[in-house]
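Reproduced below: query-v7.cif, with mmCIF, C-alpha atoms (C1' of nucleotides).
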data_model
#
loop_
_atom_site.label_atom_id
_atom_site.label_comp_id
_atom_site.auth_asym_id
_atom_site.auth_seq_id
_atom_site.Cartn_x
_atom_site.Cartn_y
_atom_site.Cartn_z
CA MET T 196 24.89 27.04 9.71
CA GLU T 197 23.49 29.13 12.52
CA LEU T 198 21.04 27.84 15.06
CA ALA T 199 18.15 29.96 13.80
CA GLU T 200 18.79 28.72 10.29
CA ALA T 201 18.95 25.09 11.43
CA LYS T 202 15.68 25.44 13.31
CA GLU T 203 14.03 27.01 10.30
CA LYS T 204 15.28 24.18 8.13
CA PHE T 205 13.93 21.57 10.50
CA ILE T 206 10.52 23.23 10.58
CA GLN T 207 10.38 23.38 6.80
CA SER T 208 11.50 19.77 6.33
CA TRP T 209 9.07 18.46 8.89
CA GLY T 210 6.31 20.43 7.20
CA ASN T 211 7.16 18.94 3.81
CA LEU T 212 7.33 15.45 5.24
CA GLY T 213 3.87 15.95 6.68
CA SER T 214 2.33 17.34 3.54
CA ASN T 215 3.74 14.48 1.47
CA TRP T 216 1.94 12.07 3.77
CA GLY T 217 -1.41 13.83 3.82
CA VAL T 218 -0.88 15.85 6.98
CA ASN T 219 -1.58 19.56 6.82
CA LYS T 220 1.73 21.33 6.31
CA THR T 221 1.14 24.03 8.88
CA MET T 222 0.16 21.46 11.46
CA ALA T 223 3.41 19.62 10.88
CA GLN T 224 5.35 22.88 11.12
CA ILE T 225 3.71 23.78 14.41
CA HIS T 226 4.56 20.32 15.65
CA ALA T 227 8.18 20.79 14.56
CA LEU T 228 8.33 24.09 16.41
CA PHE T 229 7.18 22.38 19.59
CA LEU T 230 9.62 19.53 19.11
CA ILE T 231 12.54 21.95 19.26
CA THR T 232 11.17 24.19 21.97
CA GLU T 233 11.72 23.34 25.62
CA GLU T 234 9.49 26.08 26.93
CA LEU T 235 5.74 26.45 26.92
CA LEU T 236 4.33 28.35 23.95
CA SER T 237 1.07 30.22 23.55
CA THR T 238 -1.02 30.50 20.42
CA GLU T 239 0.45 33.97 19.93
CA ASP T 240 3.99 32.63 20.13
CA VAL T 241 3.16 30.18 17.38
CA MET T 242 1.47 32.88 15.28
CA ASP T 243 4.50 35.13 15.59
CA THR T 244 7.14 32.51 14.97
CA LEU T 245 5.48 30.90 11.96
CA GLN T 246 3.78 34.06 10.70
CA ILE T 247 0.34 32.53 10.51
CA SER T 248 -3.12 33.77 11.42
CA ARG T 249 -4.87 33.23 14.71
CA GLY T 250 -7.51 30.98 13.18
CA ASN T 251 -4.94 28.80 11.51
CA ALA T 252 -2.83 28.51 14.63
CA ASN T 253 -5.80 27.76 16.82
CA MET T 254 -7.25 25.08 14.57
CA ASN T 255 -4.00 23.21 14.10
CA ILE T 256 -3.05 23.40 17.78
CA ARG T 257 -6.46 21.84 18.58
CA THR T 258 -5.78 18.98 16.21
CA LEU T 259 -2.31 18.44 17.66
CA LEU T 260 -3.88 18.26 21.11
CA GLU T 261 -6.39 15.68 19.85
CA TRP T 262 -3.55 13.66 18.38
CA GLY T 263 -1.79 13.75 21.73
CA LEU T 264 1.27 15.53 20.37
CA LEU T 265 0.80 18.64 22.52
CA TYR T 266 -0.28 19.13 26.10
CA LYS T 267 -2.14 22.06 27.54
CA GLU T 268 -0.48 23.63 30.56
CA SER T 269 -1.11 26.77 32.49
CA ILE T 270 1.20 29.33 33.99
CA LYS T 271 -0.05 30.75 37.25
CA GLY T 272 -0.99 34.36 36.98
CA GLU T 273 -1.37 34.03 33.20
CA ARG T 274 -4.80 33.81 31.75
CA LYS T 275 -4.00 32.48 28.33
CA GLU T 276 -3.36 28.87 27.43
CA PHE T 277 0.11 27.48 27.01
CA PHE T 278 1.20 24.29 25.32
CA ARG T 279 4.07 21.91 25.59
CA GLY T 280 5.18 19.51 22.88
CA GLU T 281 5.63 15.79 23.46
CA LYS T 282 9.33 15.22 22.90
CA ASP T 283 9.53 11.43 22.84
CA ILE T 284 9.66 10.77 19.12
CA TRP T 285 8.76 7.12 19.57
CA LEU T 286 5.61 8.06 21.46
CA VAL T 287 4.83 10.66 18.80
CA ALA T 288 5.11 8.03 16.09
CA ARG T 289 2.87 5.63 17.97
CA ARG T 290 0.19 8.24 18.41
CA VAL T 291 0.31 9.29 14.78
CA VAL T 292 0.08 5.67 13.67
CA ARG T 293 -2.93 5.08 15.87
CA ILE T 294 -4.81 8.13 14.65
CA ARG T 295 -4.16 7.55 10.97
CA GLN T 296 -4.98 3.90 11.27
CA ARG T 297 -8.40 4.87 12.60
CA GLN T 298 -8.94 7.59 10.07
CA GLU T 299 -7.75 5.86 6.93
CA LEU T 300 -7.18 2.15 7.27
CA GLU T 301 -10.44 1.31 9.03
CA PRO T 302 -12.72 2.97 6.45
CA MET T 303 -10.95 0.96 3.77
CA LEU T 304 -11.43 -2.27 5.72
CA ASN T 305 -15.12 -1.49 6.12
CA ALA T 306 -15.48 -0.80 2.42
CA LEU T 307 -13.74 -4.08 1.57
CA GLN T 308 -16.13 -6.06 3.72
CA GLU T 309 -19.15 -4.30 2.32
CA ILE T 310 -17.95 -4.82 -1.22
CA GLN T 311 -17.84 -8.56 -0.73
CA GLN T 312 -21.61 -8.61 -0.21
CA VAL T 313 -21.93 -8.37 -3.99
CA GLU T 314 -24.64 -10.64 -5.44
CA SER T 315 -24.02 -12.79 -8.44
CA THR T 316 -26.43 -13.79 -11.17
CA GLU T 317 -26.16 -16.85 -13.36
CA LYS T 318 -24.59 -14.75 -16.05
CA ASN T 319 -21.71 -13.26 -14.11
CA LYS T 320 -21.17 -15.96 -11.49
CA GLU T 321 -17.53 -16.55 -12.41
CA GLU T 322 -16.64 -12.90 -12.69
CA VAL T 323 -18.11 -12.22 -9.28
CA GLU T 324 -16.17 -15.10 -7.79
CA LYS T 325 -12.93 -13.82 -9.22
CA PHE T 326 -13.73 -10.35 -7.95
CA THR T 327 -14.57 -11.38 -4.39
CA GLU T 328 -11.47 -13.54 -4.29
CA ARG T 329 -9.39 -10.49 -5.09
CA MET T 330 -11.19 -8.35 -2.56
CA GLN T 331 -10.65 -11.12 -0.05
CA SER T 332 -6.91 -11.13 -0.58
CA ILE T 333 -6.69 -7.36 -0.30
CA GLU T 334 -8.78 -7.46 2.85
CA GLN T 335 -6.58 -10.13 4.36
CA PHE T 336 -3.50 -8.09 3.63
CA SER T 337 -5.04 -4.91 5.02
CA GLU T 338 -6.10 -6.67 8.19
CA SER T 339 -2.59 -7.94 8.72
CA ALA T 340 -1.23 -4.46 8.31
CA ASP T 341 -3.88 -3.19 10.68
CA LYS T 342 -2.95 -5.74 13.33
CA PHE T 343 0.73 -5.00 12.92
CA LEU T 344 0.14 -1.28 13.36
CA THR T 345 -2.03 -1.88 16.41
CA LYS T 346 0.73 -3.89 17.94
CA VAL T 347 3.29 -1.21 17.15
CA SER T 348 1.13 1.55 18.55
CA LYS T 349 0.73 -0.35 21.81
CA SER T 350 4.32 -1.39 22.27
CA ASP T 351 7.10 0.42 24.00
CA GLU T 352 10.39 1.44 22.50
CA SER T 353 12.44 -1.46 23.81
CA TRP T 354 10.07 -3.94 22.20
CA PHE T 355 10.44 -2.15 18.93
CA TRP T 356 14.23 -2.15 19.14
CA LYS T 357 14.32 -5.82 19.92
CA ILE T 358 12.21 -6.65 16.89
CA LEU T 359 14.16 -4.29 14.70
CA MET T 360 17.44 -5.87 15.68
CA LYS T 361 16.09 -9.31 14.91
CA LEU T 362 14.83 -8.19 11.55
CA ILE T 363 17.76 -6.22 10.35
CA LYS T 364 20.49 -8.35 11.89
CA MET W 141 -25.07 -4.86 -4.33
CA GLU W 142 -24.39 -5.45 -7.98
CA LEU W 143 -20.96 -6.18 -9.38
CA ALA W 144 -20.68 -2.88 -11.22
CA GLU W 145 -21.59 -1.05 -8.04
CA ALA W 146 -19.06 -3.04 -6.01
CA LYS W 147 -16.32 -2.31 -8.50
CA GLU W 148 -17.16 1.37 -8.47
CA LYS W 149 -17.06 1.38 -4.69
CA PHE W 150 -13.66 -0.28 -4.64
CA ILE W 151 -12.26 2.25 -7.11
CA GLN W 152 -13.58 5.15 -5.05
CA SER W 153 -12.32 3.76 -1.75
CA TRP W 154 -8.89 3.01 -3.12
CA GLY W 155 -8.78 6.53 -4.55
CA ASN W 156 -9.64 8.05 -1.19
CA LEU W 157 -7.11 5.90 0.61
CA GLY W 158 -4.46 7.13 -1.80
CA SER W 159 -5.35 10.77 -1.54
CA ASN W 160 -5.30 10.59 2.26
CA TRP W 161 -1.73 9.33 2.07
CA GLY W 162 -0.46 11.85 -0.42
CA VAL W 163 -0.96 9.80 -3.57
CA ASN W 164 -2.81 11.43 -6.45
CA LYS W 165 -6.43 10.26 -6.29
CA THR W 166 -6.76 9.53 -9.98
CA MET W 167 -3.58 7.51 -9.95
CA ALA W 168 -4.93 5.39 -7.13
CA GLN W 169 -8.22 4.95 -8.98
CA ILE W 170 -6.47 3.82 -12.13
CA HIS W 171 -4.49 1.40 -10.02
CA ALA W 172 -7.71 0.10 -8.47
CA LEU W 173 -9.20 -0.41 -11.91
CA PHE W 174 -6.22 -2.50 -12.92
CA LEU W 175 -6.35 -4.49 -9.70
CA ILE W 176 -9.85 -5.70 -10.52
CA THR W 177 -9.32 -6.19 -14.23
CA GLU W 178 -7.89 -9.45 -15.52
CA GLU W 179 -7.56 -8.22 -19.07
CA LEU W 180 -5.15 -5.80 -20.65
CA LEU W 181 -6.37 -2.24 -20.82
CA SER W 182 -5.38 0.62 -23.09
CA THR W 183 -5.18 4.30 -22.20
CA GLU W 184 -8.52 4.74 -23.93
CA ASP W 185 -10.12 2.02 -21.84
CA VAL W 186 -8.99 3.84 -18.72
CA MET W 187 -10.22 7.19 -20.07
CA ASP W 188 -13.61 5.75 -20.83
CA THR W 189 -14.08 3.80 -17.63
CA LEU W 190 -12.98 6.57 -15.28
CA GLN W 191 -14.18 9.44 -17.45
CA ILE W 192 -10.89 11.29 -17.45
CA SER W 193 -8.90 13.10 -20.11
CA ARG W 194 -6.18 11.62 -22.25
CA GLY W 195 -3.47 13.73 -20.63
CA ASN W 196 -4.52 12.75 -17.15
CA ALA W 197 -4.72 9.07 -18.01
CA ASN W 198 -1.39 9.10 -19.80
CA MET W 199 0.50 10.86 -17.04
CA ASN W 200 -0.81 8.66 -14.25
CA ILE W 201 -0.28 5.45 -16.19
CA ARG W 202 3.34 6.52 -16.73
CA THR W 203 3.80 7.00 -13.02
CA LEU W 204 2.20 3.65 -12.24
CA LEU W 205 4.63 2.05 -14.67
CA GLU W 206 7.55 3.78 -12.93
CA TRP W 207 6.28 2.53 -9.60
CA GLY W 208 6.16 -0.99 -10.99
CA LEU W 209 2.44 -1.39 -10.43
CA LEU W 210 1.60 -1.77 -14.12
CA TYR W 211 3.31 -3.59 -16.93
CA LYS W 212 3.33 -2.64 -20.58
CA GLU W 213 2.25 -5.43 -22.90
CA SER W 214 1.42 -5.58 -26.54
CA ILE W 215 -1.23 -7.38 -28.46
CA LYS W 216 -0.09 -8.60 -31.85
CA GLY W 217 -1.77 -6.79 -34.67
CA GLU W 218 -2.64 -3.89 -32.36
CA ARG W 219 -0.57 -0.77 -32.56
CA LYS W 220 -1.53 0.87 -29.32
CA GLU W 221 -0.06 0.13 -25.93
CA PHE W 222 -1.79 -2.09 -23.44
CA PHE W 223 -1.19 -2.45 -19.74
CA ARG W 224 -1.65 -5.12 -17.15
CA GLY W 225 -1.90 -4.51 -13.42
CA GLU W 226 0.30 -6.26 -10.90
CA LYS W 227 -2.15 -8.33 -8.86
CA ASP W 228 0.03 -9.49 -5.99
CA ILE W 229 -0.96 -7.05 -3.29
CA TRP W 230 2.07 -7.87 -1.20
CA LEU W 231 4.37 -7.03 -4.08
CA VAL W 232 2.39 -3.86 -4.71
CA ALA W 233 2.85 -2.81 -1.09
CA ARG W 234 6.58 -3.48 -1.21
CA ARG W 235 7.01 -1.39 -4.34
CA VAL W 236 5.00 1.49 -2.94
CA VAL W 237 7.01 1.40 0.27
CA ARG W 238 10.27 1.49 -1.63
CA ILE W 239 9.27 4.43 -3.80
CA ARG W 240 7.89 6.53 -1.01
CA GLN W 241 10.82 5.77 1.20
CA ARG W 242 13.10 7.20 -1.48
CA GLN W 243 10.90 10.16 -2.18
CA GLU W 244 10.06 11.22 1.35
CA LEU W 245 12.04 9.53 4.05
CA GLU W 246 15.48 10.01 2.50
CA PRO W 247 15.18 13.78 1.98
CA MET W 248 14.22 14.09 5.65
CA LEU W 249 17.22 12.03 6.70
CA ASN W 250 19.49 14.24 4.61
CA ALA W 251 18.02 17.35 6.13
CA LEU W 252 18.51 15.97 9.64
CA GLN W 253 22.16 15.30 9.00
CA GLU W 254 22.73 18.69 7.47
CA ILE W 255 20.96 20.40 10.33
CA GLN W 256 23.36 18.88 12.81
CA GLN W 257 26.24 20.82 11.25
CA VAL W 258 24.97 23.84 13.18
CA GLU W 259 27.75 25.91 14.73
CA SER W 260 27.59 27.10 18.29
CA THR W 261 28.94 30.31 19.78
CA GLU W 262 29.88 30.87 23.40
CA LYS W 263 26.51 32.46 23.97
CA ASN W 264 24.28 29.68 22.75
CA LYS W 265 26.45 26.64 23.38
CA GLU W 266 23.96 24.90 25.61
CA GLU W 267 20.98 25.62 23.42
CA VAL W 268 22.79 24.23 20.41
CA GLU W 269 23.72 21.10 22.32
CA LYS W 270 20.15 20.52 23.36
CA PHE W 271 19.03 21.09 19.80
CA THR W 272 21.51 18.72 18.17
CA GLU W 273 20.69 16.09 20.77
CA ARG W 274 17.07 16.29 19.74
CA MET W 275 17.92 16.17 16.05
CA GLN W 276 20.13 13.19 16.81
CA SER W 277 17.31 11.26 18.44
CA ILE W 278 14.92 12.03 15.60
CA GLU W 279 17.55 10.98 13.09
CA GLN W 280 18.19 7.74 14.93
CA PHE W 281 14.51 6.98 14.95
CA SER W 282 14.12 7.82 11.26
CA GLU W 283 17.05 5.65 10.33
CA SER W 284 15.55 2.73 12.18
CA ALA W 285 12.29 3.21 10.35
CA ASP W 286 14.23 3.47 7.10
CA LYS W 287 16.06 0.22 7.74
CA PHE W 288 12.89 -1.53 8.74
CA LEU W 289 11.15 -0.42 5.55
CA THR W 290 14.11 -1.46 3.44
CA LYS W 291 13.96 -4.89 4.99
CA VAL W 292 10.21 -5.10 4.39
CA SER W 293 10.53 -3.99 0.80
CA LYS W 294 13.11 -6.67 0.11
CA SER W 295 11.39 -9.55 1.86
CA ASP W 296 8.90 -11.98 0.52
CA GLU W 297 5.46 -12.63 1.80
CA SER W 298 6.25 -15.70 3.88
CA TRP W 299 8.88 -13.77 5.81
CA PHE W 300 6.37 -11.07 6.54
CA TRP W 301 3.80 -13.59 7.74
CA LYS W 302 6.27 -15.26 10.00
CA ILE W 303 7.20 -11.97 11.62
CA LEU W 304 3.61 -10.92 11.86
CA MET W 305 2.65 -14.13 13.62
CA LYS W 306 5.47 -13.70 16.10
CA LEU W 307 4.48 -10.14 16.78
CA ILE W 308 0.79 -10.50 17.12
CA LYS W 309 0.54 -13.87 18.83
"C1'" DA D 7 -23.20 41.35 36.59
"C1'" DT D 8 -19.68 43.59 33.94
"C1'" DT D 9 -16.07 43.65 30.96
"C1'" DA D 10 -11.77 42.73 29.10
"C1'" DA D 11 -9.02 38.98 27.63
"C1'" DA D 12 -8.80 34.88 25.25
"C1'" DT D 13 -10.63 31.38 22.15
"C1'" DT D 14 -13.42 29.63 18.49
"C1'" DT D 15 -15.92 29.80 14.29
"C1'" DC D 16 -16.62 30.40 9.55
"C1'" DA D 17 -17.54 32.96 5.18
"C1'" DA D 18 -14.53 34.93 1.99
"C1'" DT D 19 -10.18 34.49 -0.20
"C1'" DA D 20 -5.78 32.63 -1.40
"C1'" DA D 21 -2.76 28.97 -2.54
"C1'" DT D 22 -2.00 24.63 -4.09
"C1'" DT D 23 -2.81 20.76 -6.73
"C1'" DA D 24 -4.96 18.27 -10.42
"C1'" DC D 25 -7.17 18.06 -15.01
"C1'" DT D 26 -8.30 19.16 -19.69
"C1'" DG D 27 -7.76 19.32 -24.51
"C1'" DA D 28 -5.48 20.65 -28.32
"C1'" DA D 29 -1.04 20.92 -30.46
"C1'" DA D 30 3.41 18.89 -30.96
"C1'" DG D 31 5.96 14.87 -31.21
"C1'" DT D 32 6.77 10.00 -32.19
"C1'" DT D 33 6.16 5.56 -34.20
"C1'" DT D 34 5.00 2.28 -37.64
"C1'" DA D 35 3.07 0.37 -41.73
"C1'" DA D 36 2.74 0.70 -46.60
"C1'" DT H 252 8.34 9.56 -47.11
"C1'" DT H 253 4.02 9.90 -46.28
"C1'" DA H 254 0.35 9.64 -43.42
"C1'" DA H 255 -2.43 7.66 -40.07
"C1'" DA H 256 -2.27 5.96 -35.34
"C1'" DC H 257 -0.82 6.71 -31.18
"C1'" DT H 258 1.60 9.16 -27.21
"C1'" DT H 259 3.30 13.10 -24.78
"C1'" DT H 260 3.44 17.77 -23.37
"C1'" DC H 261 1.87 21.84 -21.31
"C1'" DA H 262 -0.61 26.38 -20.98
"C1'" DG H 263 -4.97 27.43 -19.39
"C1'" DT H 264 -8.60 26.20 -16.29
"C1'" DA H 265 -10.98 23.80 -12.71
"C1'" DA H 266 -11.25 21.68 -8.29
"C1'" DT H 267 -9.58 21.07 -3.96
"C1'" DT H 268 -7.51 22.38 0.18
"C1'" DA H 269 -5.70 25.73 3.39
"C1'" DT H 270 -5.65 30.36 5.39
"C1'" DT H 271 -7.23 34.73 6.87
"C1'" DG H 272 -9.45 37.95 9.78
"C1'" DA H 273 -13.19 39.74 11.88
"C1'" DA H 274 -17.32 38.63 14.47
"C1'" DA H 275 -19.31 35.58 17.85
"C1'" DT H 276 -18.62 33.07 21.82
"C1'" DT H 277 -16.52 31.70 26.00
"C1'" DT H 278 -13.86 32.46 30.15
"C1'" DA H 279 -12.41 34.51 34.32
"C1'" DA H 280 -11.14 38.45 37.23
"C1'" DT H 281 -13.20 42.31 39.63
#

Using the file provided, produce a representation of the structure as structure tokens.
Amino acid sequence: MELAEAKEKFIQSWGNLGSNWGVNKTMAQIHALFLITEELLSTEDVMDTLQISRGNANMNIRTLLEWGLLYKESIKGERKEFFRGEKDIWLVARRVVRIRQRQELEPMLNALQEIQQVESTEKNKEEVEKFTERMQSIEQFSESADKFLTKVSKSDESWFWKILMKLIK
Amino acid sequence: MELAEAKEKFIQSWGNLGSNWGVNKTMAQIHALFLITEELLSTEDVMDTLQISRGNANMNIRTLLEWGLLYKESIKGERKEFFRGEKDIWLVARRVVRIRQRQELEPMLNALQEIQQVESTEKNKEEVEKFTERMQSIEQFSESADKFLTKVSKSDESWFWKILMKLIK
DNA sequence: ATTAAATTTCAATAATTACTGAAAGTTTAA
DNA sequence: TTAAACTTTCAGTAATTATTGAAATTTAAT
């Protein structure tokens, strides 16, 4: 396999991984491109390499910046913006975890709490109890997951390795 | 909030959670319905409650069975199939982790290994080295995640709690 | 201030993904 | 073995999600 081919394959695989987990495929592909590129890239570089439109490139680069997976840098004498990809895959994972936790886990936790405000009447007292019990157990589980992810997203790599070693042993 | 309303809200929220993580929304909604239903349900019950077509209900129930989130049960004297939802949310999580690990993490790991077979020429020797180094570190990370998830998916709840307590403290 | 370069926005369009419903297939009871 | 009950399949359609490209806006050099 040639280098160009290998790079292409990585970009495609990373894109598929993303889209299977609810991350826009193009965004994941742009991220992959930055992961394997040492140099700074401009929006135009991304457009050319991935053959995508300006609007698409711009929007997804913005989101990657928000997620903390790209950094904006400037080249003196150049007017346009350049970007550099975060290369530390552990840091990348932590940032992705944090963002998705906020965007998806928290709304679910809020809903679960709200749902438990359900009122019961004489008629359905038992059914309501059973229901809130179930919601309670799901909430408890979700909160544990939430706490775990918070811990992970705040920890450094060595911590993670230590834990992993203990667990897998 | 009334019970019916609360149930509806749970089904919607669970559906959204699923679709944000790459799980078909209807499938997640059907799963939610089973989570809050003590009784056995038939395909028709699901169709009626969620207002979806027979084909849709059938296909998603099949997948939920494959994932181990529903069980097929029969009622004597009744010809049609009935299903019961797995209620243990910890077990549900473990099964989902296992399935998605197989479906999404493993293909990425395979791709990463394949990618590292890249050949270098005299010209691009250094670039290839840099590239394979990066692929190597991503692969290492992914394998750790894979092992961790395998451990999680094989462990019981008390193990998880113990770890969680240690971690969060 | 002017203007050219660069970035952002967003309505229109394309691509992807999910759903429907009817027909085909299967099972079971008599 | 027939036929009714039930399940599965899948081509056509609908809904959702992503992308384009050109116009509007912003930025920065002169």

Each chain H residue no farther than 12 Å from chain T, nearest pair in Å, all atoms listed in the file, as CSV:
residue,atom,partner,partner_atom,distance
H:DT268,C1',T:Asn219,CA,9.3
H:DA269,C1',T:Asn219,CA,8.2
H:DT270,C1',T:Asn251,CA,6.4
H:DT271,C1',T:Ser248,CA,6.2
H:DG272,C1',T:Ser248,CA,7.8
H:DA273,C1',T:Gly250,CA,10.5
H:DT278,C1',T:Arg274,CA,9.3
H:DA279,C1',T:Arg274,CA,8.1
H:DA280,C1',T:Arg274,CA,9.6

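With only C-alpha atoms (C1' of nucleotides) taken into account, the protein and nucleic acid residues at most 12 Å from Ser153 in chain W (excluding it and anything under 4 positions from it in its own chain) are Glu299, Leu300, Glu301, Pro302, Met303, Leu304, Asn305, Ala306, Leu307, Gln308, Glu309 and Ile310 of chain T; Ala146, Lys147, Glu148, Lys149, Leu157, Gly158, Ser159, Asn160, Lys165, Thr166, Ala168, Gln169, Ile170, His171, Ala172 and Leu173 of chain W.
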
**Study point:** Residue contacts of DT281 in chain H (12 Å, only C-alpha atoms (C1' of nucleotides)) excluding same-chain residues fewer than 5 positions away, as a ChimeraX atom specification
**Key:** /D:7-10

Exercise for review: Find the residues around DC257 in chain H up to 12 Å (only C-alpha atoms (C1' of nucleotides) counted), leave out those fewer than 2 positions away in its own chain, and share them as a ChimeraX atom specification.
Suggested key: /W:182-184,194,198,218-222 /D:31-34 /H:255,259

Check your understanding: In Å to one decimal, how far is CA of Asp296 in chain W from CA of Phe326 in chain T?
Key ->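 CA of Asp296 in chain W lies 24.2 Å from CA of Phe326 in chain T.
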
**Study point:** Among the residues T:Leu286, T:Leu362, T:Met222, T:Leu265, the one that comes closest to chain W [using only C-alpha atoms]
**Key:**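 Under the stated criterion, the closest residue is T:Leu362.
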
Review point. Near Leu344 in chain T, within 8 Å and counting all atoms listed in the file, which residues show up once chain neighbours fewer than 3 positions away are dropped, as a PyMOL selection string?
Key: chain T and resi 292-293+296+340-341+347-348

Would you tabulate, counting only C-alpha atoms (C1' of nucleotides), all residues of chain D that have an atom at most 9 Å from an atom of chain W, showing the closest pair of atoms and their distance in Å to one decimal, sorted by chain then ascending number, as a tab-separated table?
residue	atom	partner	partner_atom	distance
D:DA24	C1'	W:Asn164	CA	8.2
D:DC25	C1'	W:Asn196	CA	6.3
D:DT26	C1'	W:Ser193	CA	6.1
D:DG27	C1'	W:Ser193	CA	7.7
D:DT34	C1'	W:Arg219	CA	8.1

Using all atoms listed in the file, find each residue in chain T having at least one atom no more than 6 Å away from chain W; report its shortest atom-to-atom pair and that distance in Å (one decimal), rows by chain then rising number, as JSON lines.
{"residue": "T:Met196", "atom": "CA", "partner": "W:Val258", "partner_atom": "CA", "distance": 4.7}
{"residue": "T:Glu197", "atom": "CA", "partner": "W:Val258", "partner_atom": "CA", "distance": 5.5}
{"residue": "T:Leu198", "atom": "CA", "partner": "W:Val258", "partner_atom": "CA", "distance": 5.9}
{"residue": "T:Ala201", "atom": "CA", "partner": "W:Ile255", "partner_atom": "CA", "distance": 5.2}
{"residue": "T:Asn215", "atom": "CA", "partner": "W:Gly162", "partner_atom": "CA", "distance": 5.3}
{"residue": "T:Trp216", "atom": "CA", "partner": "W:Gly162", "partner_atom": "CA", "distance": 4.8}
{"residue": "T:Gly217", "atom": "CA", "partner": "W:Gly162", "partner_atom": "CA", "distance": 4.8}
{"residue": "T:Ile310", "atom": "CA", "partner": "W:Ala146", "partner_atom": "CA", "distance": 5.2}
{"residue": "T:Val313", "atom": "CA", "partner": "W:Met141", "partner_atom": "CA", "distance": 4.7}
{"residue": "T:Glu314", "atom": "CA", "partner": "W:Glu142", "partner_atom": "CA", "distance": 5.8}

Shell around DT260 in chain H at 10 Å using only C-alpha atoms (C1' of nucleotides), local window under 2 positions removed, as a PDB file with C-alpha atoms (C1' of nucleotides), keeping the file's coordinate frame:
ATOM      1  CA  GLY W 195      -3.470  13.730 -20.630  1.00  0.00           C
ATOM      2  CA  MET W 199       0.500  10.860 -17.040  1.00  0.00           C
TER       3      MET W 199
ATOM      4  C1'  DA D  29      -1.040  20.920 -30.460  1.00  0.00           C
ATOM      5  C1'  DA D  30       3.410  18.890 -30.960  1.00  0.00           C
ATOM      6  C1'  DG D  31       5.960  14.870 -31.210  1.00  0.00           C
TER       7       DG D  31
ATOM      8  C1'  DT H 258       1.600   9.160 -27.210  1.00  0.00           C
ATOM      9  C1'  DA H 262      -0.610  26.380 -20.980  1.00  0.00           C
TER      10       DA H 262
END
